[in-house]
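Note: the block below is work.cif and it holds mmCIF, C-alpha atoms and all ligand atoms.
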```
data_model
#
loop_
_atom_site.label_atom_id
_atom_site.label_comp_id
_atom_site.auth_asym_id
_atom_site.auth_seq_id
_atom_site.Cartn_x
_atom_site.Cartn_y
_atom_site.Cartn_z
CA MET A 10 -2.60 7.98 5.25
CA ILE A 11 -1.51 7.50 1.65
CA ALA A 12 0.85 4.79 0.39
CA ILE A 13 3.14 5.87 -2.41
CA GLY A 14 5.49 3.93 -4.67
CA SER A 15 7.35 4.17 -7.93
CA ASP A 16 9.95 2.55 -10.12
CA HIS A 17 13.23 4.25 -11.10
CA ALA A 18 11.63 5.99 -14.10
CA ALA A 19 9.39 8.01 -11.82
CA TYR A 20 11.64 8.32 -8.79
CA ASN A 21 12.05 12.08 -9.30
CA LEU A 22 8.34 12.67 -9.75
CA LYS A 23 7.73 10.68 -6.57
CA LEU A 24 10.00 13.00 -4.60
CA LEU A 25 8.09 16.00 -5.95
CA VAL A 26 4.72 14.41 -5.10
CA GLU A 27 6.01 13.73 -1.59
CA GLU A 28 7.09 17.37 -1.20
CA HIS A 29 3.65 18.42 -2.37
CA LEU A 30 1.89 16.10 0.08
CA LYS A 31 4.05 17.42 2.90
CA GLU A 32 3.11 21.01 2.00
CA LYS A 33 -0.57 20.02 2.00
CA GLY A 34 -0.25 18.25 5.34
CA VAL A 35 -1.21 14.89 3.84
CA GLU A 36 0.42 11.96 5.63
CA PHE A 37 2.04 9.34 3.45
CA GLU A 38 4.40 6.40 3.55
CA ASP A 39 6.90 5.68 0.78
CA LEU A 40 7.03 1.96 0.01
CA GLY A 41 9.89 2.33 -2.49
CA CYS A 42 11.83 2.34 -4.64
CA TYR A 43 14.37 4.41 -2.71
CA GLY A 44 16.79 5.55 -5.40
CA PRO A 45 17.23 6.02 -9.14
CA GLU A 46 18.72 2.53 -9.72
CA ARG A 47 16.78 0.37 -12.20
CA VAL A 48 14.04 -1.73 -10.58
CA ASP A 49 10.91 -3.56 -11.77
CA TYR A 50 7.64 -1.63 -11.64
CA PRO A 51 5.42 -4.69 -10.85
CA VAL A 52 7.16 -5.03 -7.47
CA TYR A 53 6.05 -1.55 -6.38
CA GLY A 54 2.61 -1.76 -7.98
CA GLN A 55 1.95 -4.92 -6.02
CA LYS A 56 3.47 -3.59 -2.80
CA VAL A 57 1.38 -0.41 -2.71
CA ALA A 58 -1.76 -2.22 -3.90
CA GLU A 59 -1.50 -4.88 -1.21
CA ALA A 60 -0.98 -2.20 1.43
CA VAL A 61 -4.09 -0.32 0.24
CA ALA A 62 -6.20 -3.49 -0.12
CA SER A 63 -5.28 -4.49 3.46
CA GLY A 64 -7.01 -1.34 4.70
CA GLN A 65 -3.82 0.06 6.20
CA TYR A 66 -3.95 3.07 3.84
CA GLU A 67 -6.89 5.07 2.50
CA ALA A 68 -5.43 5.35 -0.97
CA GLY A 69 -2.31 4.74 -3.01
CA ILE A 70 -0.32 6.71 -5.56
CA VAL A 71 1.95 4.79 -7.93
CA LEU A 72 4.27 6.20 -10.55
CA CYS A 73 6.33 4.77 -13.40
CA GLY A 74 7.47 6.00 -16.82
CA THR A 75 3.98 5.92 -18.32
CA GLY A 76 1.92 5.08 -15.25
CA ILE A 77 0.55 2.15 -17.20
CA GLY A 78 2.76 -0.78 -16.17
CA ILE A 79 2.55 -0.05 -12.47
CA SER A 80 -1.23 0.39 -12.70
CA LEU A 81 -1.61 -2.93 -14.52
CA ALA A 82 0.29 -4.65 -11.70
CA ALA A 83 -1.72 -2.85 -8.99
CA ASN A 84 -5.02 -3.78 -10.61
CA LYS A 85 -4.20 -7.50 -10.26
CA VAL A 86 -4.64 -7.19 -6.50
CA PRO A 87 -8.27 -7.88 -5.50
CA GLY A 88 -10.09 -4.78 -4.28
CA ILE A 89 -7.85 -2.37 -6.13
CA ARG A 90 -9.17 0.12 -8.65
CA CYS A 91 -6.11 1.94 -9.92
CA ALA A 92 -6.65 4.65 -12.55
CA VAL A 93 -3.89 6.05 -14.75
CA CYS A 94 -4.56 9.77 -15.08
CA SER A 95 -2.87 12.39 -17.23
CA ASP A 96 -5.51 15.07 -16.72
CA THR A 97 -7.48 16.48 -13.80
CA TYR A 98 -10.90 15.64 -15.28
CA SER A 99 -10.08 11.92 -15.24
CA ALA A 100 -8.65 12.16 -11.73
CA LYS A 101 -11.85 13.80 -10.48
CA TYR A 102 -14.24 11.45 -12.26
CA THR A 103 -12.41 8.26 -11.40
CA ARG A 104 -13.11 9.18 -7.78
CA LEU A 105 -16.70 10.34 -8.38
CA HIS A 106 -17.76 7.44 -10.57
CA ASN A 107 -15.28 4.56 -10.11
CA ASP A 108 -14.34 5.02 -6.46
CA ALA A 109 -10.72 4.52 -7.56
CA ASN A 110 -8.55 3.79 -4.55
CA MET A 111 -5.25 4.23 -6.38
CA LEU A 112 -3.91 6.85 -8.75
CA ALA A 113 -1.17 6.11 -11.27
CA MET A 114 0.78 8.69 -13.28
CA GLY A 115 3.72 8.62 -15.67
CA GLU A 116 6.76 10.82 -15.12
CA ARG A 117 7.45 10.67 -18.87
CA VAL A 118 3.88 11.77 -19.63
CA VAL A 119 2.85 14.54 -17.25
CA GLY A 120 4.86 17.55 -16.15
CA PRO A 121 5.30 18.15 -12.43
CA GLY A 122 2.81 21.06 -12.26
CA LEU A 123 0.03 19.04 -13.84
CA ALA A 124 0.93 15.99 -11.74
CA MET A 125 0.35 17.93 -8.51
CA GLU A 126 -3.03 19.17 -9.76
CA ILE A 127 -3.96 15.59 -10.64
CA VAL A 128 -2.99 14.47 -7.13
CA ASP A 129 -5.09 17.27 -5.60
CA ALA A 130 -8.12 16.44 -7.76
CA PHE A 131 -7.83 12.76 -6.88
CA LEU A 132 -7.40 13.23 -3.14
CA SER A 133 -10.06 15.93 -2.71
CA THR A 134 -12.91 14.26 -4.59
CA PRO A 135 -15.29 11.88 -2.81
CA PHE A 136 -17.09 8.92 -4.37
CA GLU A 137 -20.56 9.91 -5.57
CA GLY A 138 -22.16 6.54 -4.79
CA GLY A 139 -25.74 6.09 -6.03
CA ARG A 140 -25.96 4.46 -9.44
CA HIS A 141 -22.16 4.34 -9.59
CA ALA A 142 -21.99 2.05 -6.55
CA ALA A 143 -23.82 -0.69 -8.45
CA ARG A 144 -21.31 -0.45 -11.29
CA VAL A 145 -18.34 -0.58 -8.95
CA ALA A 146 -19.94 -3.67 -7.37
CA MET A 147 -20.13 -5.18 -10.87
CA ILE A 148 -16.35 -4.77 -11.17
CA SER A 149 -15.93 -6.65 -7.88
CA GLU A 150 -18.14 -9.43 -9.23
CA ILE A 151 -15.83 -9.89 -12.23
CA GLU A 152 -12.91 -10.08 -9.83
CA LYS A 153 -14.66 -12.71 -7.69
CA LYS A 154 -15.36 -14.86 -10.74
CA TYR A 155 -11.64 -15.16 -11.46
CA ASN A 156 -10.29 -15.23 -7.90
CA LYS A 157 -11.79 -18.45 -6.56
C1 LIG B 201 10.76 1.58 -17.35
O1 LIG B 201 11.67 1.84 -18.37
C2 LIG B 201 9.34 1.69 -17.91
O2 LIG B 201 9.07 0.60 -18.74
C3 LIG B 201 8.32 1.76 -16.79
O3 LIG B 201 8.62 2.82 -15.96
C4 LIG B 201 6.88 1.97 -17.20
O4 LIG B 201 6.75 3.03 -18.08
C5 LIG B 201 6.15 0.77 -17.63
O5 LIG B 201 4.95 0.80 -17.92
#
```
Mind turning this structure into structure tokens?
Amino acid sequence: MIAIGSDHAAYNLKLLVEEHLKEKGVEFEDLGCYGPERVDYPVYGQKVAEAVASGQYEAGIVLCGTGIGISLAANKVPGIRCAVCSDTYSAKYTRLHNDANMLAMGERVVGPGLAMEIVDAFLSTPFEGGRHAARVAMISEIEKKYNK
């Protein structure tokens, strides 16, 4: 089960991603926003990130104008590794090497066709583990240092 969220700037892209997930048979829950009215992206970055960090969802997808603001908010939640991707190579490798548990994209950056390919690359790629696991653990150590 995937948690998905966006601000107003990426509301339309979110609807398209949801259609795409439905076609692929991927279950998801939309944690807002629920219309094109102006909202604040940190609210939805936090909401999806907390839901993913709680273990309730396997992964999260967050969307805003650039993908950056909402990813910055998501990455403040301990245990979250949210990668902004505008290409499929990054989406694949952030799973293989970083074990990213959230994907962020920008509606004002990527077209809908590319966005769906990024989603597919992200969701279909497993974490490689091995030497990369030690590095991911190092990220968690940084987090622990500042979250006492
Ligand atoms: C909203 O205008 C815009 O600032 C937001 O969607 C996002 O791009 C922030 O990073």
Item checked: Site check for ligand LIG 201 (chain B): residues at most 10 Å away, all atoms listed in the file, as a ChimeraX atom specification -> /A:15-20,47-51,72-82,114-118
Margin query: Taking 2 positions as the minimum chain separation for residues in the same chain, which residues sit within 7 Å of region 104-106 of chain A when counting only C-alpha atoms? Answer as a count of residues only.
Written below: 11
Note to self: Using all atoms listed in the file, which protein or nucleic acid residues come within 8 Å of Ala83 (chain A)? Drop anything in the same chain fewer than 5 positions from it, and give the result as a count of residues only.
What the structure shows: 7
Which residues, written as a PDB file with C-alpha atoms, keeping the file's coordinate frame, have at least one atom at most 10 Å from Glu59 (chain A), with only C-alpha atoms counted and residues fewer than 5 positions away on the same chain left out?
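Now in out07.pdb:
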```pdb
ATOM      1  CA  TYR A  53       6.050  -1.550  -6.380  1.00  0.00           C
ATOM      2  CA  GLY A  54       2.610  -1.760  -7.980  1.00  0.00           C
ATOM      3  CA  GLY A  64      -7.010  -1.340   4.700  1.00  0.00           C
ATOM      4  CA  GLN A  65      -3.820   0.060   6.200  1.00  0.00           C
ATOM      5  CA  TYR A  66      -3.950   3.070   3.840  1.00  0.00           C
ATOM      6  CA  GLY A  69      -2.310   4.740  -3.010  1.00  0.00           C
ATOM      7  CA  ALA A  83      -1.720  -2.850  -8.990  1.00  0.00           C
ATOM      8  CA  LYS A  85      -4.200  -7.500 -10.260  1.00  0.00           C
ATOM      9  CA  VAL A  86      -4.640  -7.190  -6.500  1.00  0.00           C
ATOM     10  CA  PRO A  87      -8.270  -7.880  -5.500  1.00  0.00           C
ATOM     11  CA  GLY A  88     -10.090  -4.780  -4.280  1.00  0.00           C
ATOM     12  CA  ILE A  89      -7.850  -2.370  -6.130  1.00  0.00           C
TER      13      ILE A  89
END
```
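What separates CA of Leu22 (chain A) from CA of Lys56 (chain A) is a distance of 18.3 Å.
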Check: When you draw a straight line from CA of Arg140 (chain A) to CA of Lys153 (chain A), how long is it in Å?
Finding: 20.6 Å
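Put simply, CA of Val26 (chain A) is 19.3 Å away from CA of Thr103 (chain A).
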